[in-house]
file target_34.cif (mmCIF, C-alpha atoms)
data_protein
loop_
_atom_site.label_atom_id
_atom_site.label_comp_id
_atom_site.auth_asym_id
_atom_site.auth_seq_id
_atom_site.Cartn_x
_atom_site.Cartn_y
_atom_site.Cartn_z
CA MET A 842 -5.34 -52.79 17.53
CA LEU A 843 -7.45 -50.65 15.19
CA GLN A 844 -5.31 -48.07 13.39
CA GLN A 845 -6.47 -44.52 14.03
CA PHE A 846 -6.48 -41.71 11.45
CA THR A 847 -7.61 -38.12 12.01
CA PHE A 848 -8.91 -35.79 9.32
CA ASN A 849 -9.60 -32.85 11.63
CA VAL A 850 -8.76 -29.55 9.95
CA GLY A 851 -7.07 -28.09 13.00
CA PRO A 852 -5.46 -29.03 15.18
CA SER A 853 -4.77 -31.64 12.57
CA ALA A 854 -2.64 -34.74 12.10
CA VAL A 855 1.03 -34.32 12.97
CA TYR A 856 3.90 -36.00 11.19
CA PRO A 857 4.82 -39.34 12.80
CA ALA A 858 8.40 -38.07 13.07
CA VAL A 859 7.22 -35.45 15.62
CA ARG A 860 7.38 -38.17 18.27
CA GLN A 861 11.12 -38.51 17.71
CA TYR A 862 11.58 -34.75 17.41
CA LEU A 863 9.99 -34.33 20.86
CA GLN A 864 12.33 -36.90 22.36
CA ASP A 865 15.28 -35.19 20.70
CA ALA A 866 14.16 -31.79 22.02
CA TYR A 867 14.10 -33.16 25.54
CA ASP A 868 17.43 -34.96 25.21
CA GLU A 869 19.11 -31.91 23.65
CA GLY A 870 17.90 -29.57 26.41
CA TRP A 871 15.63 -27.39 24.26
CA LEU A 872 12.81 -27.40 26.81
CA SER A 873 14.85 -25.19 29.12
CA ALA A 874 17.07 -23.42 26.58
CA PRO A 875 17.60 -19.65 27.12
CA HIS A 876 15.97 -17.66 24.36
CA ARG A 877 18.56 -14.88 24.29
CA GLY A 878 21.59 -17.07 23.82
CA GLU A 879 23.54 -17.96 20.70
CA ARG A 880 22.11 -21.47 20.59
CA PHE A 881 18.55 -20.21 20.24
CA THR A 882 19.42 -17.47 17.77
CA SER A 883 21.17 -20.09 15.62
CA LEU A 884 17.99 -22.17 15.74
CA VAL A 885 15.85 -19.21 14.63
CA ARG A 886 18.30 -18.37 11.86
CA GLN A 887 18.12 -21.94 10.57
CA ALA A 888 14.33 -22.17 10.91
CA VAL A 889 13.85 -18.98 8.91
CA ALA A 890 16.32 -20.15 6.25
CA ASP A 891 14.50 -23.47 5.92
CA LEU A 892 11.11 -21.76 5.72
CA LYS A 893 12.28 -19.47 2.95
CA GLY A 894 14.05 -22.25 1.09
CA LYS A 895 11.34 -24.90 1.27
CA LEU A 896 8.34 -22.56 0.76
CA ASN A 897 9.89 -20.20 -1.83
CA ILE A 898 9.54 -17.12 0.36
CA PRO A 899 11.50 -14.19 -1.17
CA GLN A 900 14.77 -13.55 0.57
CA ASP A 901 13.94 -9.89 1.19
CA TYR A 902 10.71 -10.79 3.03
CA THR A 903 10.82 -10.91 6.84
CA VAL A 904 9.60 -13.91 8.85
CA LEU A 905 8.30 -13.33 12.38
CA PHE A 906 6.98 -15.82 14.94
CA THR A 907 3.73 -15.22 16.83
CA GLY A 908 1.57 -17.19 19.23
CA SER A 909 -1.03 -18.03 16.58
CA ALA A 910 -2.58 -16.84 13.34
CA THR A 911 -5.35 -15.20 15.38
CA GLU A 912 -2.80 -13.00 17.13
CA CYS A 913 -1.88 -11.62 13.71
CA TRP A 914 -5.32 -9.96 13.47
CA GLU A 915 -4.35 -7.77 16.41
CA ILE A 916 -0.79 -7.18 15.22
CA LEU A 917 -1.93 -6.05 11.76
CA ALA A 918 -4.65 -3.75 13.09
CA GLN A 919 -2.24 -2.15 15.57
CA GLY A 920 0.86 -2.03 13.42
CA LEU A 921 -0.24 -1.58 9.79
CA THR A 922 -3.69 0.04 10.01
CA PRO A 923 -3.61 3.60 11.38
CA ARG A 924 -6.95 4.40 9.68
CA ARG A 925 -8.96 1.49 8.26
CA SER A 926 -8.81 -1.87 6.51
CA PHE A 927 -11.00 -3.48 3.86
CA HIS A 928 -12.02 -7.15 4.16
CA LEU A 929 -13.17 -9.64 1.54
CA TYR A 930 -14.65 -12.80 3.09
CA ASN A 931 -17.09 -15.67 2.64
CA GLY A 932 -16.76 -17.62 5.89
CA GLU A 933 -16.47 -17.48 9.64
CA PHE A 934 -12.73 -16.87 9.92
CA GLY A 935 -12.66 -14.05 7.38
CA LYS A 936 -15.67 -12.54 9.16
CA LYS A 937 -13.96 -12.82 12.56
CA TRP A 938 -10.88 -11.08 11.16
CA PHE A 939 -13.13 -8.27 9.90
CA ASP A 940 -14.99 -8.02 13.20
CA TYR A 941 -11.75 -7.89 15.18
CA ALA A 942 -10.24 -5.24 12.90
CA ARG A 943 -13.42 -3.16 13.16
CA ALA A 944 -13.29 -3.35 16.95
CA LEU A 945 -9.86 -1.71 16.85
CA ARG A 946 -10.37 0.42 13.73
CA PRO A 947 -14.11 1.24 13.56
CA GLU A 948 -13.88 2.74 10.06
CA SER A 949 -12.92 -0.62 8.55
CA THR A 950 -15.26 -1.99 5.87
CA GLY A 951 -15.90 -5.35 4.25
CA VAL A 952 -17.69 -7.24 1.50
CA GLN A 953 -19.06 -10.76 1.86
CA PHE A 954 -19.33 -13.04 -1.16
CA ASP A 955 -21.04 -16.39 -1.70
CA ILE A 956 -19.13 -19.62 -1.11
CA ASN A 957 -19.60 -20.66 -4.75
CA GLU A 958 -18.64 -17.24 -6.10
CA VAL A 959 -15.31 -16.14 -7.51
CA PRO A 960 -15.33 -12.44 -6.60
CA ASP A 961 -14.75 -9.79 -9.25
CA MET A 962 -11.61 -8.16 -7.91
CA GLY A 963 -11.98 -5.22 -10.31
CA ALA A 964 -15.34 -4.25 -8.80
CA LEU A 965 -14.42 -4.17 -5.12
CA PRO A 966 -15.13 -0.79 -3.44
CA PHE A 967 -11.97 -0.45 -1.38
CA VAL A 968 -9.98 2.08 -3.43
CA GLY A 969 -9.32 5.21 -1.45
CA GLU A 970 -6.45 7.08 0.09
CA ASP A 971 -7.60 6.21 3.60
CA THR A 972 -7.47 2.41 3.14
CA ASP A 973 -4.30 1.06 4.71
CA LEU A 974 -4.78 -2.68 4.43
CA VAL A 975 -6.79 -4.92 2.09
CA CYS A 976 -7.47 -8.26 3.78
CA VAL A 977 -8.41 -11.57 2.18
CA THR A 978 -8.62 -15.16 3.40
CA GLN A 979 -6.87 -17.25 0.75
CA ASN A 980 -8.19 -20.56 2.05
CA GLU A 981 -11.32 -20.28 4.18
CA THR A 982 -11.27 -23.26 6.54
CA SER A 983 -14.91 -22.93 7.57
CA THR A 984 -16.34 -23.08 4.04
CA ALA A 985 -13.67 -25.20 2.28
CA THR A 986 -13.13 -22.47 -0.33
CA GLN A 987 -10.02 -21.06 -1.93
CA ILE A 988 -9.05 -17.84 -3.72
CA ARG A 989 -6.57 -18.77 -6.42
CA GLU A 990 -3.36 -16.94 -7.23
CA THR A 991 -4.72 -15.29 -10.41
CA HIS A 992 -7.41 -13.55 -8.36
CA ILE A 993 -4.92 -12.50 -5.68
CA LEU A 994 -2.77 -11.03 -8.45
CA GLN A 995 -5.78 -9.08 -9.77
CA LEU A 996 -6.35 -7.74 -6.29
CA PHE A 997 -2.69 -6.87 -5.83
CA ASN A 998 -2.62 -4.93 -9.12
CA ARG A 999 -5.26 -2.44 -7.98
CA LEU A 1000 -4.15 -1.72 -4.42
CA GLY A 1001 -2.99 1.84 -4.91
CA GLY A 1002 -1.22 2.82 -1.71
CA ALA A 1003 -2.72 0.04 0.41
CA LEU A 1004 -1.01 -3.17 1.48
CA LEU A 1005 -2.45 -6.62 0.76
CA ALA A 1006 -2.68 -9.04 3.71
CA VAL A 1007 -3.50 -12.72 3.20
CA ASP A 1008 -4.72 -15.23 5.77
CA ALA A 1009 -3.15 -18.50 4.60
CA THR A 1010 -3.74 -20.44 7.81
CA SER A 1011 -4.92 -23.65 6.17
CA SER A 1012 -2.77 -23.40 3.03
CA LEU A 1013 0.63 -22.10 4.20
CA ALA A 1014 3.14 -24.95 3.71
CA GLY A 1015 0.56 -26.85 1.65
CA LEU A 1016 0.15 -24.71 -1.47
CA ASN A 1017 2.86 -23.17 -3.61
CA LEU A 1018 1.89 -19.60 -2.72
CA LYS A 1019 3.22 -16.67 -4.71
CA PHE A 1020 4.40 -14.57 -1.78
CA ILE A 1021 5.61 -11.72 -3.96
CA LYS A 1022 1.97 -10.96 -4.87
CA ALA A 1023 1.05 -9.77 -1.37
CA ASP A 1024 2.62 -7.79 1.46
CA VAL A 1025 1.52 -9.87 4.45
CA TRP A 1026 0.99 -13.62 4.79
CA TYR A 1027 0.26 -15.48 7.98
CA GLY A 1028 -0.75 -18.89 9.29
CA SER A 1029 -0.44 -21.36 12.15
CA VAL A 1030 1.55 -24.58 12.32
CA GLN A 1031 -1.29 -26.93 13.36
CA LYS A 1032 -2.52 -27.40 9.79
CA CYS A 1033 -0.26 -27.82 6.75
CA PHE A 1034 2.94 -27.78 8.80
CA GLY A 1035 1.88 -31.01 10.54
CA LEU A 1036 2.77 -29.75 14.03
CA PRO A 1037 1.00 -29.20 17.37
CA ALA A 1038 -0.74 -25.84 17.83
CA GLY A 1039 0.93 -22.93 19.59
CA LEU A 1040 3.03 -21.14 16.97
CA GLY A 1041 2.15 -18.65 14.24
CA VAL A 1042 4.20 -17.52 11.25
CA LEU A 1043 3.91 -13.92 10.01
CA ILE A 1044 5.60 -12.98 6.72
CA LEU A 1045 6.13 -9.34 5.71
CA SER A 1046 7.24 -7.77 2.44
CA PRO A 1047 9.71 -4.86 2.39
CA ARG A 1048 6.72 -2.54 1.81
CA ALA A 1049 5.02 -3.91 4.92
CA VAL A 1050 8.20 -3.52 6.98
CA ALA A 1051 8.52 0.11 5.86
CA LYS A 1052 4.88 0.76 6.75
CA ALA A 1053 5.33 -0.82 10.18
CA LYS A 1054 8.26 1.48 10.87
CA GLU A 1055 6.21 4.47 9.72
CA VAL A 1056 3.23 3.60 11.94
CA ASN A 1057 5.67 2.83 14.77
CA ASP A 1058 3.31 0.98 17.13
CA ARG A 1059 5.26 0.78 20.40
CA ALA A 1060 2.26 0.64 22.74
CA HIS A 1061 1.84 -3.14 22.66
CA TYR A 1062 3.96 -6.11 23.69
CA ASN A 1063 3.61 -7.64 20.22
CA GLY A 1064 4.20 -4.40 18.30
CA LEU A 1065 5.86 -4.78 14.92
CA PRO A 1066 8.77 -2.34 15.43
CA SER A 1067 9.96 -4.31 18.46
CA ALA A 1068 9.43 -7.65 16.70
CA LEU A 1069 11.35 -6.47 13.64
CA SER A 1070 14.19 -5.06 15.74
CA ASN A 1071 14.57 -8.29 17.69
CA MET A 1072 14.45 -10.45 14.57
CA LEU A 1073 17.52 -8.61 13.26
CA ASN A 1074 19.32 -10.59 15.99
CA HIS A 1075 17.20 -13.72 15.36
CA GLN A 1076 15.31 -13.20 18.59
CA THR A 1077 11.69 -12.53 19.54
CA ASN A 1078 10.38 -9.57 21.52
CA TYR A 1079 8.81 -11.83 24.17
CA THR A 1080 9.51 -15.29 25.53
CA PRO A 1081 8.98 -17.52 22.51
CA ASN A 1082 7.66 -21.01 21.97
CA VAL A 1083 11.15 -22.49 21.80
CA LEU A 1084 9.83 -26.03 21.39
CA GLY A 1085 7.50 -24.96 18.58
CA ILE A 1086 10.31 -23.26 16.69
CA TYR A 1087 12.54 -26.31 17.19
CA LEU A 1088 9.84 -28.63 15.83
CA LEU A 1089 9.22 -26.29 12.91
CA SER A 1090 12.91 -26.30 12.05
CA ARG A 1091 13.03 -30.10 12.14
CA VAL A 1092 9.93 -30.50 9.97
CA MET A 1093 11.07 -27.98 7.37
CA ALA A 1094 14.52 -29.56 7.15
CA ASP A 1095 12.99 -32.98 6.46
CA ARG A 1096 10.21 -31.93 4.05
CA GLU A 1097 10.21 -31.88 0.28
CA PRO A 1098 10.18 -28.48 -1.47
CA ILE A 1099 6.73 -26.92 -1.64
CA LYS A 1100 6.33 -27.47 -5.37
CA ALA A 1101 6.32 -31.25 -4.89
CA VAL A 1102 4.12 -31.06 -1.77
CA ALA A 1103 1.56 -28.83 -3.47
CA GLN A 1104 1.33 -31.02 -6.57
CA HIS A 1105 0.73 -34.11 -4.45
CA LEU A 1106 -2.06 -32.38 -2.51
CA ALA A 1107 -3.66 -31.08 -5.72
CA ASP A 1108 -3.68 -34.55 -7.28
CA ARG A 1109 -5.10 -36.09 -4.11
CA ALA A 1110 -7.78 -33.41 -3.78
CA GLN A 1111 -8.96 -33.98 -7.34
CA LYS A 1112 -9.29 -37.72 -6.73
CA LEU A 1113 -11.30 -37.09 -3.56
CA TYR A 1114 -13.65 -34.60 -5.23
CA ASP A 1115 -14.19 -37.00 -8.14
CA PHE A 1116 -14.91 -39.87 -5.76
CA PHE A 1117 -17.45 -38.01 -3.64
CA GLU A 1118 -19.19 -36.51 -6.67
CA GLN A 1119 -19.76 -39.92 -8.21
CA ALA A 1120 -19.87 -42.57 -5.54
CA THR A 1121 -21.34 -41.54 -2.17
CA PRO A 1122 -24.49 -40.00 -0.69
CA LEU A 1123 -22.41 -36.97 0.29
CA GLN A 1124 -21.62 -34.26 -2.25
CA PRO A 1125 -18.92 -31.57 -2.30
CA LEU A 1126 -20.08 -28.50 -0.40
CA ILE A 1127 -18.66 -26.22 -3.09
CA THR A 1128 -20.22 -26.84 -6.50
CA ASN A 1129 -18.00 -24.34 -8.33
CA ALA A 1130 -14.74 -26.22 -8.92
CA ASP A 1131 -12.83 -22.94 -9.31
CA ALA A 1132 -13.76 -21.98 -5.74
CA ARG A 1133 -12.95 -25.31 -4.07
CA SER A 1134 -10.15 -25.61 -1.56
CA THR A 1135 -7.27 -27.96 -2.24
CA THR A 1136 -6.41 -28.49 1.42
CA VAL A 1137 -9.87 -28.60 3.06
CA ILE A 1138 -12.42 -30.87 1.39
CA GLY A 1139 -15.98 -29.86 2.34
CA LEU A 1140 -18.81 -32.40 1.99
CA GLN A 1141 -22.50 -31.80 2.59
CA GLY A 1142 -25.51 -33.93 3.49
CA GLU A 1143 -28.58 -34.11 5.68
CA PRO A 1144 -27.84 -33.68 9.42
CA ALA A 1145 -28.90 -37.24 10.28
CA LEU A 1146 -26.64 -38.66 7.58
CA ILE A 1147 -23.72 -36.51 8.70
CA GLU A 1148 -24.06 -37.77 12.27
CA GLU A 1149 -24.34 -41.37 11.11
CA ILE A 1150 -21.24 -41.13 8.91
CA LYS A 1151 -19.20 -39.50 11.66
CA ARG A 1152 -20.26 -42.19 14.13
CA LYS A 1153 -19.53 -45.11 11.82
CA ALA A 1154 -16.22 -43.57 10.76
CA SER A 1155 -15.19 -43.18 14.39
CA GLU A 1156 -15.96 -46.85 15.01
CA ALA A 1157 -13.70 -47.64 12.05
CA GLY A 1158 -10.85 -45.56 13.50
CA LEU A 1159 -11.43 -42.49 11.34
CA THR A 1160 -12.01 -39.08 12.95
CA LEU A 1161 -13.73 -36.80 10.46
CA GLY A 1162 -13.70 -33.03 10.82
CA SER A 1163 -17.01 -31.43 11.79
CA GLY A 1164 -18.57 -28.51 10.01
CA TYR A 1165 -18.13 -25.01 11.40
CA GLY A 1166 -20.57 -22.28 12.36
CA PRO A 1167 -23.84 -22.35 10.39
CA LEU A 1168 -22.56 -25.38 8.44
CA LYS A 1169 -21.80 -27.47 11.52
CA SER A 1170 -24.70 -29.93 11.28
CA THR A 1171 -24.78 -30.32 7.50
CA THR A 1172 -21.11 -30.67 6.55
CA ILE A 1173 -18.00 -32.73 7.09
CA ARG A 1174 -14.53 -31.30 6.49
CA ILE A 1175 -11.59 -33.48 5.52
CA ALA A 1176 -8.05 -32.19 5.96
CA ASN A 1177 -5.96 -32.79 2.85
CA PHE A 1178 -2.81 -31.65 4.62
CA PRO A 1179 0.72 -32.94 3.97
CA ALA A 1180 0.91 -34.86 7.27
CA VAL A 1181 -2.25 -36.82 6.41
CA SER A 1182 -0.81 -39.91 4.77
CA ASP A 1183 -1.90 -41.56 1.55
CA ALA A 1184 -2.66 -44.63 3.64
CA ALA A 1185 -5.11 -42.57 5.70
CA MET A 1186 -6.81 -41.28 2.56
CA GLU A 1187 -7.10 -44.80 1.18
CA ALA A 1188 -8.63 -45.99 4.45
CA LEU A 1189 -11.16 -43.16 4.21
CA VAL A 1190 -12.14 -44.07 0.65
CA GLN A 1191 -12.43 -47.75 1.51
CA PHE A 1192 -14.68 -46.90 4.46
CA PHE A 1193 -17.10 -45.11 2.17
CA VAL A 1194 -16.87 -47.87 -0.44
CA LYS A 1195 -17.77 -50.45 2.19
CA GLU A 1196 -20.51 -48.50 3.95
CA TYR A 1197 -22.11 -46.26 1.35
CA VAL A 1198 -21.28 -47.26 -2.22
CA THR A 1199 -23.82 -49.59 -3.80
CA VAL A 1200 -22.76 -51.65 -6.81
#
call {"tool": "encode", "arguments": {"input": "target_34.cif", "output": "C-alpha cells"}}
result
Amino acid sequence: MLQQFTFNVGPSAVYPAVRQYLQDAYDEGWLSAPHRGERFTSLVRQAVADLKGKLNIPQDYTVLFTGSATECWEILAQGLTPRRSFHLYNGEFGKKWFDYARALRPESTGVQFDINEVPDMGALPFVGEDTDLVCVTQNETSTATQIRETHILQLFNRLGGALLAVDATSSLAGLNLKFIKADVWYGSVQKCFGLPAGLGVLILSPRAVAKAKEVNDRAHYNGLPSALSNMLNHQTNYTPNVLGIYLLSRVMADREPIKAVAQHLADRAQKLYDFFEQATPLQPLITNADARSTTVIGLQGEPALIEEIKRKASEAGLTLGSGYGPLKSTTIRIANFPAVSDAAMEALVQFFVKEYVTV
C-alpha cells in the first residue's frame, strides 16, 4: 500500500501517537468526564504546567483555552480593546483579524506591508493614548512569512501604554518564541501541536490580565474576567473540549523541549529552501530570506505547473498544501511542522528529484 504523507498547513499532520492517545481517552473515560470535577481540574493543571515547561512560557503568564485561534479575535476586541487597536499585516489572516476588530471597534487602524518587506517598527503610526492593543501576525500562514523576534522586540519597546498581541497560530509550539516580549499570544492546536482542530490556546501576561480586569467585559460568554476567574480553579467558563485538552496534555508530556524542536525545524527549513532555490522549477515565494517563515514553506510557479505538481504528488501519496486567497493558483505551501516526519520530507524531496530535477 502506498504510504501517505500530508503537508497541509492546517489542519495538518497529527502525531502518529494520537491514535493511541484517542484509544486511551476512550478507555479512561475522558469522553464523558465531568468538567467541574477534580479529575478534569487536575488534567488542566497538568496541561498548563506542561505547556509552560515545554514551551518556556513565563510562570506568571496565564494560559486559557478557547475554541480556536479565530475566537481570540473576538475575545481580544471585547476584553482588551475599549477604544481601538492597531494592526500590522501582510496576508489574509492578519487582514481578517483587522477587519474583525474594526467591525467591533470601528476606530481601529492598520498598516499593510509587502510580503518581502521587513517593516520598520520605529516608523509605525500607532503611538497614541487611545490605542489599546497593537496586533501583529508573527507567522502569516497565507503568505509563508515570519516576523522575527528582534522586530517584535523593537515593536514591544515603543508600545507606550498599549499592549502587544501576537497571532502565533502557525508557529506556537514550533518556534522558540520569546513570550516575555509581548502581552498576548494565541494559536490553535491543528498546526505545530500536531493535533486535530478544535482547541485554541490564549496566553496572557500580567499586564494583559490587569487590563482585562480593568475593562471588565462581562457581557459575553467568553469574556476574559470569567475565563480568568475560572482558570484560578483550573476550569473553563463554558463546557470545554475535554478531549482536546487531554490530547494536548499527552502530546506536551511526550515532546522534546521547544529549543530542540525549533532548531530541528530551522535546519529542515533551510535545507528545503536551498533545495527549491537550486533544483526545481518552483521557487520560494518569499525572496527576502529574512522574511521567510520557518514553519510554512511557500513555493511559487505558473498555475498550470502548480496544478500538475499537486496532481502528480497526490498520485505519489503526497498531499501538498494549496495557496490561499489571491495566491491560491500560483503557490504551494508546505507545512514544516513538528508532526511532519523527516521521512515525509525526504519523500517530498525525492518526488521532486524524480519528476522535476534534470541532471
call {"tool": "resolve_selection", "arguments": {"input": "target_34.cif", "expression": "the PyMOL selection byres ((chain A and resi 1131) around 10)", "output": "number ranges by chain"}}
result
A: 957-959, 986-989, 1127-1130, 1132-1134
call {"tool": "closest_atom_pairs", "arguments": {"input": "target_34.cif", "of": "stretch 1085-1157 of chain A", "to": "stretch 1177-1192 of chain A", "cutoff": "12 Å", "atoms": "only C-alpha atoms", "output": "JSON lines"}}
result
{"residue": "A:Val1092", "atom": "CA", "partner": "A:Ala1180", "partner_atom": "CA", "distance": 10.4}
{"residue": "A:Met1093", "atom": "CA", "partner": "A:Pro1179", "partner_atom": "CA", "distance": 12.0}
{"residue": "A:Arg1096", "atom": "CA", "partner": "A:Pro1179", "partner_atom": "CA", "distance": 9.5}
{"residue": "A:Glu1097", "atom": "CA", "partner": "A:Pro1179", "partner_atom": "CA", "distance": 10.2}
{"residue": "A:Pro1098", "atom": "CA", "partner": "A:Pro1179", "partner_atom": "CA", "distance": 11.8}
{"residue": "A:Ile1099", "atom": "CA", "partner": "A:Pro1179", "partner_atom": "CA", "distance": 10.2}
{"residue": "A:Ala1101", "atom": "CA", "partner": "A:Pro1179", "partner_atom": "CA", "distance": 10.6}
{"residue": "A:Val1102", "atom": "CA", "partner": "A:Pro1179", "partner_atom": "CA", "distance": 6.9}
{"residue": "A:Ala1103", "atom": "CA", "partner": "A:Pro1179", "partner_atom": "CA", "distance": 8.5}
{"residue": "A:Gln1104", "atom": "CA", "partner": "A:Pro1179", "partner_atom": "CA", "distance": 10.7}
{"residue": "A:His1105", "atom": "CA", "partner": "A:Pro1179", "partner_atom": "CA", "distance": 8.5}
{"residue": "A:Leu1106", "atom": "CA", "partner": "A:Asn1177", "partner_atom": "CA", "distance": 6.6}
{"residue": "A:Ala1107", "atom": "CA", "partner": "A:Asn1177", "partner_atom": "CA", "distance": 9.0}
{"residue": "A:Asp1108", "atom": "CA", "partner": "A:Asn1177", "partner_atom": "CA", "distance": 10.5}
{"residue": "A:Arg1109", "atom": "CA", "partner": "A:Asn1177", "partner_atom": "CA", "distance": 7.8}
{"residue": "A:Ala1110", "atom": "CA", "partner": "A:Asn1177", "partner_atom": "CA", "distance": 6.9}
{"residue": "A:Gln1111", "atom": "CA", "partner": "A:Asn1177", "partner_atom": "CA", "distance": 10.7}
{"residue": "A:Lys1112", "atom": "CA", "partner": "A:Val1190", "partner_atom": "CA", "distance": 10.1}
{"residue": "A:Leu1113", "atom": "CA", "partner": "A:Val1190", "partner_atom": "CA", "distance": 8.2}
{"residue": "A:Tyr1114", "atom": "CA", "partner": "A:Val1190", "partner_atom": "CA", "distance": 11.2}
{"residue": "A:Asp1115", "atom": "CA", "partner": "A:Val1190", "partner_atom": "CA", "distance": 11.5}
{"residue": "A:Phe1116", "atom": "CA", "partner": "A:Val1190", "partner_atom": "CA", "distance": 8.1}
{"residue": "A:Phe1117", "atom": "CA", "partner": "A:Val1190", "partner_atom": "CA", "distance": 9.1}
{"residue": "A:Ala1120", "atom": "CA", "partner": "A:Val1190", "partner_atom": "CA", "distance": 10.0}
{"residue": "A:Thr1121", "atom": "CA", "partner": "A:Val1190", "partner_atom": "CA", "distance": 9.9}
{"residue": "A:Ser1134", "atom": "CA", "partner": "A:Asn1177", "partner_atom": "CA", "distance": 9.4}
{"residue": "A:Thr1135", "atom": "CA", "partner": "A:Asn1177", "partner_atom": "CA", "distance": 7.1}
{"residue": "A:Thr1136", "atom": "CA", "partner": "A:Asn1177", "partner_atom": "CA", "distance": 4.6}
{"residue": "A:Val1137", "atom": "CA", "partner": "A:Asn1177", "partner_atom": "CA", "distance": 5.7}
{"residue": "A:Ile1138", "atom": "CA", "partner": "A:Asn1177", "partner_atom": "CA", "distance": 6.9}
{"residue": "A:Gly1139", "atom": "CA", "partner": "A:Asn1177", "partner_atom": "CA", "distance": 10.5}
{"residue": "A:Ile1150", "atom": "CA", "partner": "A:Phe1192", "partner_atom": "CA", "distance": 9.8}
{"residue": "A:Lys1151", "atom": "CA", "partner": "A:Phe1192", "partner_atom": "CA", "distance": 11.3}
{"residue": "A:Lys1153", "atom": "CA", "partner": "A:Phe1192", "partner_atom": "CA", "distance": 9.0}
{"residue": "A:Ala1154", "atom": "CA", "partner": "A:Phe1192", "partner_atom": "CA", "distance": 7.3}
{"residue": "A:Ser1155", "atom": "CA", "partner": "A:Phe1192", "partner_atom": "CA", "distance": 10.6}
{"residue": "A:Glu1156", "atom": "CA", "partner": "A:Phe1192", "partner_atom": "CA", "distance": 10.6}
{"residue": "A:Ala1157", "atom": "CA", "partner": "A:Phe1192", "partner_atom": "CA", "distance": 7.7}
call {"tool": "closest_residue", "arguments": {"input": "target_34.cif", "among": "A:Ala1038, A:Ile1147, A:Val859, A:Leu1069", "to": "A:Asn1082", "atoms": "all atoms listed in the file"}}
result
A:Ala1038
call {"tool": "resolve_selection", "arguments": {"input": "target_34.cif", "expression": "the PyMOL selection byres ((chain A and resi 941-951) around 9)", "output": "JSON list (two decimals) with C-alpha atoms, in the frame of the given file"}}
result
[["chain", "number", "residue", "atom", "x", "y", "z"],
["A", 914, "TRP", "CA", -5.32, -9.96, 13.47],
["A", 915, "GLU", "CA", -4.35, -7.77, 16.41],
["A", 917, "LEU", "CA", -1.93, -6.05, 11.76],
["A", 918, "ALA", "CA", -4.65, -3.75, 13.09],
["A", 919, "GLN", "CA", -2.24, -2.15, 15.57],
["A", 922, "THR", "CA", -3.69, 0.04, 10.01],
["A", 923, "PRO", "CA", -3.61, 3.60, 11.38],
["A", 924, "ARG", "CA", -6.95, 4.40, 9.68],
["A", 925, "ARG", "CA", -8.96, 1.49, 8.26],
["A", 926, "SER", "CA", -8.81, -1.87, 6.51],
["A", 927, "PHE", "CA", -11.00, -3.48, 3.86],
["A", 928, "HIS", "CA", -12.02, -7.15, 4.16],
["A", 929, "LEU", "CA", -13.17, -9.64, 1.54],
["A", 930, "TYR", "CA", -14.65, -12.80, 3.09],
["A", 936, "LYS", "CA", -15.67, -12.54, 9.16],
["A", 937, "LYS", "CA", -13.96, -12.82, 12.56],
["A", 938, "TRP", "CA", -10.88, -11.08, 11.16],
["A", 939, "PHE", "CA", -13.13, -8.27, 9.90],
["A", 940, "ASP", "CA", -14.99, -8.02, 13.20],
["A", 952, "VAL", "CA", -17.69, -7.24, 1.50],
["A", 953, "GLN", "CA", -19.06, -10.76, 1.86],
["A", 966, "PRO", "CA", -15.13, -0.79, -3.44],
["A", 967, "PHE", "CA", -11.97, -0.45, -1.38],
["A", 972, "THR", "CA", -7.47, 2.41, 3.14],
["A", 976, "CYS", "CA", -7.47, -8.26, 3.78]]
call {"tool": "closest_residue", "arguments": {"input": "target_34.cif", "among": "A:Gly878, A:Gly1015, A:Gly1041, A:Pro1167", "to": "A:Ile916", "atoms": "only C-alpha atoms"}}
result
A:Gly1041
call {"tool": "atom_distance", "arguments": {"input": "target_34.cif", "atom1": "atom CA of A:Gln861", "atom2": "atom CA of A:His1075"}}
result
25.6 Å
call {"tool": "closest_residue", "arguments": {"input": "target_34.cif", "among": "A:Glu1118, A:Asp1008, A:Asp868, A:Asp901", "to": "A:Pro1047", "atoms": "only C-alpha atoms"}}
result
A:Asp901
call {"tool": "atom_distance", "arguments": {"input": "target_34.cif", "atom1": "atom CA of A:Trp1026", "atom2": "atom CA of A:Leu996"}}
result
14.5 Å
call {"tool": "atom_distance", "arguments": {"input": "target_34.cif", "atom1": "atom CA of A:Phe997", "atom2": "atom CA of A:Ile1021"}}
result
9.8 Å
call {"tool": "resolve_selection", "arguments": {"input": "target_34.cif", "expression": "the PyMOL selection byres ((chain A and resi 860) around 12)", "output": "list in words"}}
result
Val855, Tyr856, Pro857, Ala858, Val859, Gln861, Tyr862, Leu863, Gln864, Asp865, Ala866, Tyr867, Gly1035, Leu1036, Pro1037, Leu1088, Arg1091 and Val1092 of chain A
call {"tool": "residues_around", "arguments": {"input": "target_34.cif", "residues": "stretch 1055-1060 of chain A", "least_positions_apart": "4", "cutoff": "9 Å", "atoms": "only C-alpha atoms", "output": "list in words"}}
result
Gln919, Gly920, Leu921, Thr922, Pro923, Val1050, Ala1051, Gly1064, Leu1065, Pro1066 and Ser1067 of chain A
call {"tool": "closest_residue", "arguments": {"input": "target_34.cif", "among": "A:Ala1014, A:Ile1173, A:Leu1126, A:Leu994", "to": "A:Glu1148", "atoms": "all atoms listed in the file"}}
result
A:Ile1173
call {"tool": "residues_around", "arguments": {"input": "target_34.cif", "residues": "A:Leu1018", "least_positions_apart": "6", "cutoff": "9 Å", "atoms": "all atoms listed in the file", "output": "list in words"}}
result
Leu896, Asn897, Ile898, Glu990, Ala1009, Ser1012 and Ile1099 of chain A
call {"tool": "closest_residue", "arguments": {"input": "target_34.cif", "among": "A:Val1194, A:Ala964, A:Ala1023, A:Ala1145", "to": "A:Ser1170", "atoms": "all atoms listed in the file"}}
result
A:Ala1145
call {"tool": "closest_residue", "arguments": {"input": "target_34.cif", "among": "A:Asn1078, A:Thr984, A:Gln979, A:Ser1070", "to": "A:Leu1168", "atoms": "only C-alpha atoms"}}
result
A:Thr984
